[in-house]
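The file run_27.pdb contains PDB, C-alpha atoms and all ligand atoms:
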```
MODEL        1
ATOM      1  CA  MET A 394      14.877 -94.057 -24.291  1.00  0.00           C
ATOM      2  CA  ALA A 395      16.520 -91.310 -26.162  1.00  0.00           C
ATOM      3  CA  GLU A 396      13.108 -90.144 -27.335  1.00  0.00           C
ATOM      4  CA  LYS A 397      11.899 -90.052 -23.738  1.00  0.00           C
ATOM      5  CA  GLU A 398      14.956 -88.085 -22.707  1.00  0.00           C
ATOM      6  CA  LYS A 399      14.259 -85.641 -25.483  1.00  0.00           C
ATOM      7  CA  HIS A 400      10.650 -85.220 -24.312  1.00  0.00           C
ATOM      8  CA  LYS A 401      11.780 -84.798 -20.782  1.00  0.00           C
ATOM      9  CA  SER A 402      14.224 -82.183 -21.911  1.00  0.00           C
ATOM     10  CA  LEU A 403      11.490 -80.386 -23.815  1.00  0.00           C
ATOM     11  CA  ASP A 404       9.260 -80.428 -20.726  1.00  0.00           C
ATOM     12  CA  GLU A 405      12.151 -79.100 -18.731  1.00  0.00           C
ATOM     13  CA  THR A 406      12.691 -76.288 -21.212  1.00  0.00           C
ATOM     14  CA  GLU A 407       9.006 -75.432 -21.244  1.00  0.00           C
ATOM     15  CA  ARG A 408       8.986 -75.348 -17.478  1.00  0.00           C
ATOM     16  CA  GLU A 409      12.023 -73.065 -17.457  1.00  0.00           C
ATOM     17  CA  ILE A 410      10.372 -70.784 -20.000  1.00  0.00           C
ATOM     18  CA  ALA A 411       7.234 -70.713 -17.876  1.00  0.00           C
ATOM     19  CA  GLU A 412       9.347 -69.853 -14.823  1.00  0.00           C
ATOM     20  CA  VAL A 413      11.116 -67.069 -16.672  1.00  0.00           C
ATOM     21  CA  GLU A 414       7.801 -65.726 -17.889  1.00  0.00           C
ATOM     22  CA  LEU A 415       6.394 -65.855 -14.392  1.00  0.00           C
ATOM     23  CA  GLN A 416       9.496 -64.137 -13.022  1.00  0.00           C
ATOM     24  CA  THR A 417       9.200 -61.487 -15.707  1.00  0.00           C
ATOM     25  CA  LYS A 418       5.576 -60.899 -14.725  1.00  0.00           C
ATOM     26  CA  HIS A 419       6.644 -60.650 -11.084  1.00  0.00           C
ATOM     27  CA  ASP A 420       9.364 -58.168 -12.012  1.00  0.00           C
ATOM     28  CA  GLN A 421       6.958 -56.115 -14.108  1.00  0.00           C
ATOM     29  CA  ALA A 422       4.454 -56.086 -11.262  1.00  0.00           C
ATOM     30  CA  GLU A 423       7.217 -54.987  -8.854  1.00  0.00           C
ATOM     31  CA  ILE A 424       8.329 -52.245 -11.234  1.00  0.00           C
ATOM     32  CA  ALA A 425       4.738 -51.081 -11.589  1.00  0.00           C
ATOM     33  CA  ARG A 426       4.336 -51.121  -7.803  1.00  0.00           C
ATOM     34  CA  VAL A 427       7.502 -49.076  -7.212  1.00  0.00           C
ATOM     35  CA  ASP A 428       6.526 -46.746 -10.028  1.00  0.00           C
ATOM     36  CA  LEU A 429       3.106 -46.194  -8.481  1.00  0.00           C
ATOM     37  CA  GLN A 430       4.672 -45.644  -5.053  1.00  0.00           C
ATOM     38  CA  THR A 431       7.094 -43.089  -6.504  1.00  0.00           C
ATOM     39  CA  LYS A 432       4.241 -41.267  -8.201  1.00  0.00           C
ATOM     40  CA  LYS A 433       2.227 -41.272  -4.959  1.00  0.00           C
ATOM     41  CA  LEU A 434       5.203 -39.809  -3.101  1.00  0.00           C
ATOM     42  CA  GLY A 435       5.584 -37.163  -5.771  1.00  0.00           C
ATOM     43  CA  LEU A 436       1.892 -36.361  -5.509  1.00  0.00           C
ATOM     44  CA  ALA A 437       2.114 -36.080  -1.715  1.00  0.00           C
ATOM     45  CA  GLU A 438       5.132 -33.766  -2.051  1.00  0.00           C
ATOM     46  CA  ALA A 439       3.335 -31.637  -4.618  1.00  0.00           C
ATOM     47  CA  LYS A 440       0.301 -31.448  -2.348  1.00  0.00           C
ATOM     48  CA  ALA A 441       2.478 -30.407   0.595  1.00  0.00           C
ATOM     49  CA  ARG A 442       4.237 -27.798  -1.554  1.00  0.00           C
ATOM     50  CA  ASN A 443       0.874 -26.437  -2.727  1.00  0.00           C
ATOM     51  CA  ALA A 444      -0.444 -26.371   0.837  1.00  0.00           C
ATOM     52  CA  ASN A 445       2.661 -24.492   2.013  1.00  0.00           C
ATOM     53  CA  PHE A 446       2.395 -22.096  -0.901  1.00  0.00           C
ATOM     54  CA  GLN A 447      -1.298 -21.511  -0.205  1.00  0.00           C
ATOM     55  CA  GLN A 448      -0.549 -20.989   3.485  1.00  0.00           C
ATOM     56  CA  ALA A 449       2.159 -18.460   2.655  1.00  0.00           C
ATOM     57  CA  GLU A 450      -0.186 -16.719   0.202  1.00  0.00           C
ATOM     58  CA  ASP A 451      -3.018 -16.607   2.759  1.00  0.00           C
ATOM     59  CA  SER A 452      -0.668 -15.252   5.391  1.00  0.00           C
ATOM     60  CA  ARG A 453       0.664 -12.650   2.947  1.00  0.00           C
ATOM     61  CA  HIS A 454      -2.863 -11.574   1.988  1.00  0.00           C
ATOM     62  CA  LYS A 455      -3.879 -11.390   5.631  1.00  0.00           C
ATOM     63  CA  GLY A 456      -0.806  -9.258   6.387  1.00  0.00           C
ATOM     64  CA  ASN A 457      -1.624  -6.948   3.478  1.00  0.00           C
ATOM     65  CA  ARG A 458      -5.230  -6.578   4.608  1.00  0.00           C
ATOM     66  CA  GLN A 459      -4.104  -5.736   8.145  1.00  0.00           C
ATOM     67  CA  ARG A 460      -1.556  -3.225   6.885  1.00  0.00           C
ATOM     68  CA  GLN A 461      -4.133  -1.597   4.607  1.00  0.00           C
ATOM     69  CA  ALA A 462      -6.631  -1.403   7.489  1.00  0.00           C
ATOM     70  CA  GLU A 463      -3.961   0.217   9.684  1.00  0.00           C
ATOM     71  CA  ILE A 464      -3.080   2.728   6.981  1.00  0.00           C
ATOM     72  CA  ALA A 465      -6.771   3.548   6.437  1.00  0.00           C
ATOM     73  CA  GLN A 466      -7.253   3.938  10.206  1.00  0.00           C
ATOM     74  CA  THR A 467      -4.224   6.209  10.520  1.00  0.00           C
ATOM     75  CA  ARG A 468      -5.404   8.270   7.565  1.00  0.00           C
ATOM     76  CA  SER A 469      -8.890   8.658   8.998  1.00  0.00           C
ATOM     77  CA  ASN A 470      -7.420   9.581  12.424  1.00  0.00           C
ATOM     78  CA  VAL A 471      -5.263  12.254  10.803  1.00  0.00           C
ATOM     79  CA  GLN A 472      -8.198  13.560   8.757  1.00  0.00           C
ATOM     80  CA  ALA A 473     -10.424  13.703  11.864  1.00  0.00           C
ATOM     81  CA  ARG A 474      -7.679  15.546  13.785  1.00  0.00           C
ATOM     82  CA  GLN A 475      -7.199  18.032  10.929  1.00  0.00           C
ATOM     83  CA  LYS A 476     -10.961  18.563  10.614  1.00  0.00           C
ATOM     84  CA  GLN A 477     -11.328  19.273  14.329  1.00  0.00           C
ATOM     85  CA  CYS A 478      -8.185  21.400  14.541  1.00  0.00           C
ATOM     86  CA  ARG A 479      -8.795  25.120  14.425  1.00  0.00           C
ATOM     87  CA  HIS A 480      -5.131  25.691  13.535  1.00  0.00           C
ATOM     88  CA  LYS A 481      -5.063  28.271  16.305  1.00  0.00           C
ATOM     89  CA  ALA A 482      -3.275  28.767  19.583  1.00  0.00           C
ATOM     90  CA  GLY A 483      -3.468  30.975  22.640  1.00  0.00           C
ATOM     91  CA  GLY A 484      -6.059  33.586  23.466  1.00  0.00           C
ATOM     92  CA  GLN A 485      -7.708  31.714  26.290  1.00  0.00           C
ATOM     93  CA  ALA A 486      -7.073  31.748  30.003  1.00  0.00           C
ATOM     94  CA  GLY A 487      -6.250  28.409  31.564  1.00  0.00           C
ATOM     95  CA  GLY A 488      -4.640  25.340  30.143  1.00  0.00           C
ATOM     96  CA  ASP A 489      -6.525  25.266  26.883  1.00  0.00           C
ATOM     97  CA  GLU A 490      -3.830  26.761  24.735  1.00  0.00           C
ATOM     98  CA  LEU A 491      -3.613  23.988  22.196  1.00  0.00           C
ATOM     99  CA  ARG A 492      -7.276  24.232  21.316  1.00  0.00           C
ATOM    100  CA  GLY A 493      -7.050  27.982  21.080  1.00  0.00           C
ATOM    101  CA  GLY A 494      -9.801  29.857  19.378  1.00  0.00           C
ATOM    102  CA  GLY A 495     -10.377  32.465  22.082  1.00  0.00           C
ATOM    103  CA  LYS A 496     -10.700  36.147  21.497  1.00  0.00           C
ATOM    104  CA  PHE A 497      -6.985  36.745  21.053  1.00  0.00           C
ATOM    105  CA  ALA A 498      -6.168  33.422  19.469  1.00  0.00           C
ATOM    106  CA  HIS A 499      -3.787  33.486  16.548  1.00  0.00           C
ATOM    107  CA  SER A 500      -3.460  31.170  13.608  1.00  0.00           C
ATOM    108  CA  VAL A 501      -0.575  28.746  13.780  1.00  0.00           C
ATOM    109  CA  LEU A 502      -0.723  28.145  10.029  1.00  0.00           C
ATOM    110  CA  THR A 503       2.601  28.862   8.414  1.00  0.00           C
ATOM    111  CA  ARG A 504       3.189  29.699   4.786  1.00  0.00           C
ATOM    112  CA  ALA A 505       6.187  28.641   2.765  1.00  0.00           C
ATOM    113  CA  ILE A 506       6.943  29.371  -0.864  1.00  0.00           C
ATOM    114  CA  MET A 507       8.108  26.356  -2.786  1.00  0.00           C
ATOM    115  CA  PRO A 508      11.121  26.602  -5.111  1.00  0.00           C
ATOM    116  CA  ASP A 509       8.930  27.114  -8.200  1.00  0.00           C
ATOM    117  CA  GLY A 510       8.242  30.556  -6.758  1.00  0.00           C
ATOM    118  CA  HIS A 511       4.452  30.161  -7.020  1.00  0.00           C
ATOM    119  CA  THR A 512       3.316  27.164  -5.013  1.00  0.00           C
ATOM    120  CA  GLU A 513       2.604  27.911  -1.396  1.00  0.00           C
ATOM    121  CA  LEU A 514       2.579  25.326   1.346  1.00  0.00           C
ATOM    122  CA  LEU A 515       0.326  25.913   4.334  1.00  0.00           C
ATOM    123  CA  GLN A 516       1.233  23.909   7.410  1.00  0.00           C
ATOM    124  CA  CYS A 517      -0.329  23.550  10.837  1.00  0.00           C
ATOM    125  CA  SER A 518       2.008  22.504  13.611  1.00  0.00           C
ATOM    126  CA  HIS A 519      -0.895  21.162  15.692  1.00  0.00           C
ATOM    127  CA  CYS A 520      -2.479  18.695  13.282  1.00  0.00           C
ATOM    128  CA  ASP A 521       0.307  18.282  10.689  1.00  0.00           C
ATOM    129  CA  LEU A 522      -1.925  19.649   7.969  1.00  0.00           C
ATOM    130  CA  MET A 523      -0.014  20.201   4.705  1.00  0.00           C
ATOM    131  CA  LEU A 524      -1.862  21.983   1.941  1.00  0.00           C
ATOM    132  CA  TYR A 525      -0.211  22.965  -1.303  1.00  0.00           C
ATOM    133  CA  GLY A 526      -1.805  25.585  -3.473  1.00  0.00           C
ATOM    134  CA  ARG A 527      -1.270  28.776  -5.387  1.00  0.00           C
ATOM    135  CA  GLU A 528      -3.255  31.817  -6.372  1.00  0.00           C
ATOM    136  CA  LEU A 529      -5.269  31.109  -9.491  1.00  0.00           C
ATOM    137  CA  THR A 530      -6.698  33.355 -12.182  1.00  0.00           C
ATOM    138  CA  PRO A 531     -10.452  33.159 -12.890  1.00  0.00           C
ATOM    139  CA  ALA A 532      -9.607  31.362 -16.143  1.00  0.00           C
ATOM    140  CA  GLU A 533      -7.616  28.735 -14.233  1.00  0.00           C
ATOM    141  CA  ILE A 534     -10.461  28.268 -11.743  1.00  0.00           C
ATOM    142  CA  ALA A 535     -12.861  27.833 -14.676  1.00  0.00           C
ATOM    143  CA  LYS A 536     -10.547  25.107 -16.014  1.00  0.00           C
ATOM    144  CA  LEU A 537     -10.623  23.330 -12.645  1.00  0.00           C
ATOM    145  CA  ALA A 538     -14.416  23.599 -12.600  1.00  0.00           C
ATOM    146  CA  ALA A 539     -14.558  21.995 -16.056  1.00  0.00           C
ATOM    147  CA  LEU A 540     -12.316  19.113 -14.858  1.00  0.00           C
ATOM    148  CA  ASP A 541     -14.527  18.675 -11.783  1.00  0.00           C
ATOM    149  CA  ALA A 542     -17.610  18.572 -14.005  1.00  0.00           C
ATOM    150  CA  ALA A 543     -16.005  15.904 -16.191  1.00  0.00           C
ATOM    151  CA  ASP A 544     -15.179  13.850 -13.079  1.00  0.00           C
ATOM    152  CA  GLU A 545     -18.688  14.266 -11.757  1.00  0.00           C
ATOM    153  CA  ALA A 546     -20.109  13.032 -15.070  1.00  0.00           C
ATOM    154  CA  SER A 547     -18.099   9.796 -14.658  1.00  0.00           C
ATOM    155  CA  GLY A 548     -19.154   9.388 -11.052  1.00  0.00           C
ATOM    156  CA  ILE A 549     -15.986  10.677  -9.338  1.00  0.00           C
ATOM    157  CA  PRO A 550     -16.690  13.176  -6.551  1.00  0.00           C
ATOM    158  CA  PHE A 551     -15.303  16.526  -7.698  1.00  0.00           C
ATOM    159  CA  ARG A 552     -12.928  18.372  -5.356  1.00  0.00           C
ATOM    160  CA  ARG A 553     -10.520  20.623  -7.239  1.00  0.00           C
ATOM    161  CA  VAL A 554     -12.436  23.876  -6.878  1.00  0.00           C
ATOM    162  CA  ALA A 555     -13.493  23.033  -3.304  1.00  0.00           C
ATOM    163  CA  ASP A 556      -9.856  22.205  -2.381  1.00  0.00           C
ATOM    164  CA  HIS A 557      -8.670  25.445  -3.917  1.00  0.00           C
ATOM    165  CA  GLU A 558     -11.329  27.417  -2.034  1.00  0.00           C
ATOM    166  CA  GLU A 559     -10.317  25.757   1.249  1.00  0.00           C
ATOM    167  CA  TRP A 560      -6.645  26.513   0.584  1.00  0.00           C
ATOM    168  CA  THR A 561      -7.528  30.137  -0.225  1.00  0.00           C
ATOM    169  CA  ARG A 562      -9.608  30.430   2.950  1.00  0.00           C
ATOM    170  CA  LEU A 563      -6.855  28.996   5.181  1.00  0.00           C
ATOM    171  CA  ARG A 564      -4.236  31.155   3.475  1.00  0.00           C
ATOM    172  CA  GLN A 565      -6.352  34.205   4.268  1.00  0.00           C
ATOM    173  CA  VAL A 566      -6.639  33.034   7.893  1.00  0.00           C
ATOM    174  CA  ALA A 567      -2.841  32.640   8.023  1.00  0.00           C
ATOM    175  CA  ILE A 568      -2.359  36.142   6.629  1.00  0.00           C
ATOM    176  CA  GLU A 569      -4.971  37.826   8.819  1.00  0.00           C
ATOM    177  CA  ASP A 570      -4.725  35.875  12.076  1.00  0.00           C
ATOM    178  CA  GLY A 571      -1.122  34.737  11.983  1.00  0.00           C
ATOM    179  CA  ILE A 572       1.465  36.315  14.236  1.00  0.00           C
ATOM    180  CA  PRO A 573       2.941  39.267  12.335  1.00  0.00           C
ATOM    181  CA  ASN A 574       6.492  38.609  11.176  1.00  0.00           C
ATOM    182  CA  ASN A 575       6.472  35.238  12.846  1.00  0.00           C
ATOM    183  CA  VAL A 576       9.809  33.548  12.524  1.00  0.00           C
ATOM    184  CA  LEU A 577      10.668  30.110  11.292  1.00  0.00           C
ATOM    185  CA  ARG A 578      11.414  27.894  14.249  1.00  0.00           C
ATOM    186  CA  GLY A 579      12.764  25.144  12.087  1.00  0.00           C
ATOM    187  CA  PRO A 580      11.456  23.038   9.249  1.00  0.00           C
ATOM    188  CA  THR A 581       8.676  20.662  10.195  1.00  0.00           C
ATOM    189  CA  PHE A 582       9.292  18.473   7.166  1.00  0.00           C
ATOM    190  CA  ILE A 583      12.284  17.502   5.111  1.00  0.00           C
ATOM    191  CA  PHE A 584      11.975  18.649   1.531  1.00  0.00           C
ATOM    192  CA  GLN A 585      14.038  17.169  -1.254  1.00  0.00           C
ATOM    193  CA  ASP A 586      14.609  18.469  -4.743  1.00  0.00           C
ATOM    194  CA  ALA A 587      14.678  16.261  -7.843  1.00  0.00           C
ATOM    195  CA  ASN A 588      18.305  15.320  -7.058  1.00  0.00           C
ATOM    196  CA  GLY A 589      17.422  14.170  -3.544  1.00  0.00           C
ATOM    197  CA  VAL A 590      19.132  17.156  -1.924  1.00  0.00           C
ATOM    198  CA  ASN A 591      17.401  18.460   1.221  1.00  0.00           C
ATOM    199  CA  PHE A 592      16.361  22.073   1.284  1.00  0.00           C
ATOM    200  CA  ILE A 593      14.333  24.388   3.511  1.00  0.00           C
ATOM    201  CA  PRO A 594      11.491  26.133   1.649  1.00  0.00           C
ATOM    202  CA  GLU A 595      11.671  29.894   1.736  1.00  0.00           C
ATOM    203  CA  ARG A 596       9.194  31.371   4.184  1.00  0.00           C
ATOM    204  CA  VAL A 597       6.843  34.147   3.177  1.00  0.00           C
TER     205      VAL A 597
HETATM  206 ZN    ZN A 601      -4.280  22.360  12.585  1.00  0.00          ZN
ENDMDL
END
```
Would you kindly transcribe this structure into structure tokens?
Ligand SMILES: [Zn+2]
Amino acid sequence: MAEKEKHKSLDETEREIAEVELQTKHDQAEIARVDLQTKKLGLAEAKARNANFQQAEDSRHKGNRQRQAEIAQTRSNVQARQKQCRHKAGGQAGGDELRGGGKFAHSVLTRAIMPDGHTELLQCSHCDLMLYGRELTPAEIAKLAALDAADEASGIPFRRVADHEEWTRLRQVAIEDGIPNNVLRGPTFIFQDANGVNFIPERV
């Protein structure tokens, strides 16, 4: 009897062990399930974050492209206006004064000497042209030509000599066709020195 009890007790113990083992397996499976769920949630969050980031990036790039296109358009509009502008006024009968260019038309280009005492700024009040330049010696022009040639050799369109010639031509127009002793009607731009202090360039 006692032996039977003992066996029964052993069976009972084995059954309990089996139950505990089964429960442990259940628990482990549950932990694995929750763990997997947590990882899936994390993955979904990461995906959403990436999508938002990508969306923000795309939107930023699109904004940049639009802004660059606008800047390029504005620049090309200004260049077209300056190319068409004759920098002249008056001289024609009728309401065509802004175009100018008639027999008695005068240049509206103004000249201002910059604080270095050499650089001259030519400005047109009609097309907002601003051209800096200064008189150059033949040696200096030869130097510019050499720099242009070096640029040309590396495929960059050369412009220094051409720009200087255009500045010289317009300066001559301002001197010859400008109103004699024309007076400054007010600065058209704000100039600042290295310390950020505004100044009005001295007029020629
Ligand atoms: Zn002009």
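Around ligand ZN 601 (chain A), using only C-alpha atoms and all ligand atoms and a cut-off of 6 Å, the residues in contact are Gln475, Cys478, Arg479, His480, Cys517, His519, Cys520 and Leu522 of chain A.
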Would you save the residues from that selection as a compact mmCIF listing (two decimals), in the frame of the given file, using C-alpha atoms?
```
# COMPACT_ATOMS: atom_id res chain seq x y z
CA GLN A 475 -7.20 18.03 10.93
CA CYS A 478 -8.18 21.40 14.54
CA ARG A 479 -8.80 25.12 14.42
CA HIS A 480 -5.13 25.69 13.54
CA CYS A 517 -0.33 23.55 10.84
CA HIS A 519 -0.90 21.16 15.69
CA CYS A 520 -2.48 18.70 13.28
CA LEU A 522 -1.92 19.65 7.97
```
Selection result for the PyMOL selection byres (((chain A and resi 552-565) around 10) and not hetatm) on this file, as a PDB file with C-alpha atoms, in the coordinates of the input:
```
ATOM      1  CA  HIS A 480      -5.131  25.691  13.535  1.00  0.00           C
ATOM      2  CA  SER A 500      -3.460  31.170  13.608  1.00  0.00           C
ATOM      3  CA  LEU A 502      -0.723  28.145  10.029  1.00  0.00           C
ATOM      4  CA  THR A 503       2.601  28.862   8.414  1.00  0.00           C
ATOM      5  CA  ARG A 504       3.189  29.699   4.786  1.00  0.00           C
ATOM      6  CA  GLU A 513       2.604  27.911  -1.396  1.00  0.00           C
ATOM      7  CA  LEU A 514       2.579  25.326   1.346  1.00  0.00           C
ATOM      8  CA  LEU A 515       0.326  25.913   4.334  1.00  0.00           C
ATOM      9  CA  GLN A 516       1.233  23.909   7.410  1.00  0.00           C
ATOM     10  CA  LEU A 524      -1.862  21.983   1.941  1.00  0.00           C
ATOM     11  CA  TYR A 525      -0.211  22.965  -1.303  1.00  0.00           C
ATOM     12  CA  GLY A 526      -1.805  25.585  -3.473  1.00  0.00           C
ATOM     13  CA  ARG A 527      -1.270  28.776  -5.387  1.00  0.00           C
ATOM     14  CA  GLU A 528      -3.255  31.817  -6.372  1.00  0.00           C
ATOM     15  CA  LEU A 529      -5.269  31.109  -9.491  1.00  0.00           C
ATOM     16  CA  ILE A 534     -10.461  28.268 -11.743  1.00  0.00           C
ATOM     17  CA  ALA A 535     -12.861  27.833 -14.676  1.00  0.00           C
ATOM     18  CA  LYS A 536     -10.547  25.107 -16.014  1.00  0.00           C
ATOM     19  CA  LEU A 537     -10.623  23.330 -12.645  1.00  0.00           C
ATOM     20  CA  ALA A 538     -14.416  23.599 -12.600  1.00  0.00           C
ATOM     21  CA  ALA A 539     -14.558  21.995 -16.056  1.00  0.00           C
ATOM     22  CA  LEU A 540     -12.316  19.113 -14.858  1.00  0.00           C
ATOM     23  CA  ASP A 541     -14.527  18.675 -11.783  1.00  0.00           C
ATOM     24  CA  ALA A 542     -17.610  18.572 -14.005  1.00  0.00           C
ATOM     25  CA  ASP A 544     -15.179  13.850 -13.079  1.00  0.00           C
ATOM     26  CA  GLU A 545     -18.688  14.266 -11.757  1.00  0.00           C
ATOM     27  CA  ILE A 549     -15.986  10.677  -9.338  1.00  0.00           C
ATOM     28  CA  PRO A 550     -16.690  13.176  -6.551  1.00  0.00           C
ATOM     29  CA  PHE A 551     -15.303  16.526  -7.698  1.00  0.00           C
ATOM     30  CA  VAL A 566      -6.639  33.034   7.893  1.00  0.00           C
ATOM     31  CA  ALA A 567      -2.841  32.640   8.023  1.00  0.00           C
ATOM     32  CA  ILE A 568      -2.359  36.142   6.629  1.00  0.00           C
ATOM     33  CA  GLU A 569      -4.971  37.826   8.819  1.00  0.00           C
ATOM     34  CA  ASP A 570      -4.725  35.875  12.076  1.00  0.00           C
ATOM     35  CA  GLY A 571      -1.122  34.737  11.983  1.00  0.00           C
TER      36      GLY A 571
END
```
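Using only C-alpha atoms, the smallest distance between any of A:Arg426, A:Arg453, A:His419, A:His499 and Lys481 of chain A comes from A:His499.
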**Message:** Quick check, in Å to one decimal: how far apart do atom CA of Ala422 of chain A and atom CA of Leu403 of chain A lie?
**Reply:**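 Taking atom CA of Ala422 of chain A as the start and atom CA of Leu403 of chain A as the end point, the length is 28.2 Å.
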As a check of understanding: the span from atom CA of Val471 of chain A to atom CA of Thr512 of chain A is 23.4 Å
message: Report, in Å to a single decimal, how far apart atom CA of Leu436 of chain A and atom CA of Thr417 of chain A are.
response: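 Pair atom CA of Thr417 of chain A / atom CA of Leu436 of chain A returns 28.1 Å.
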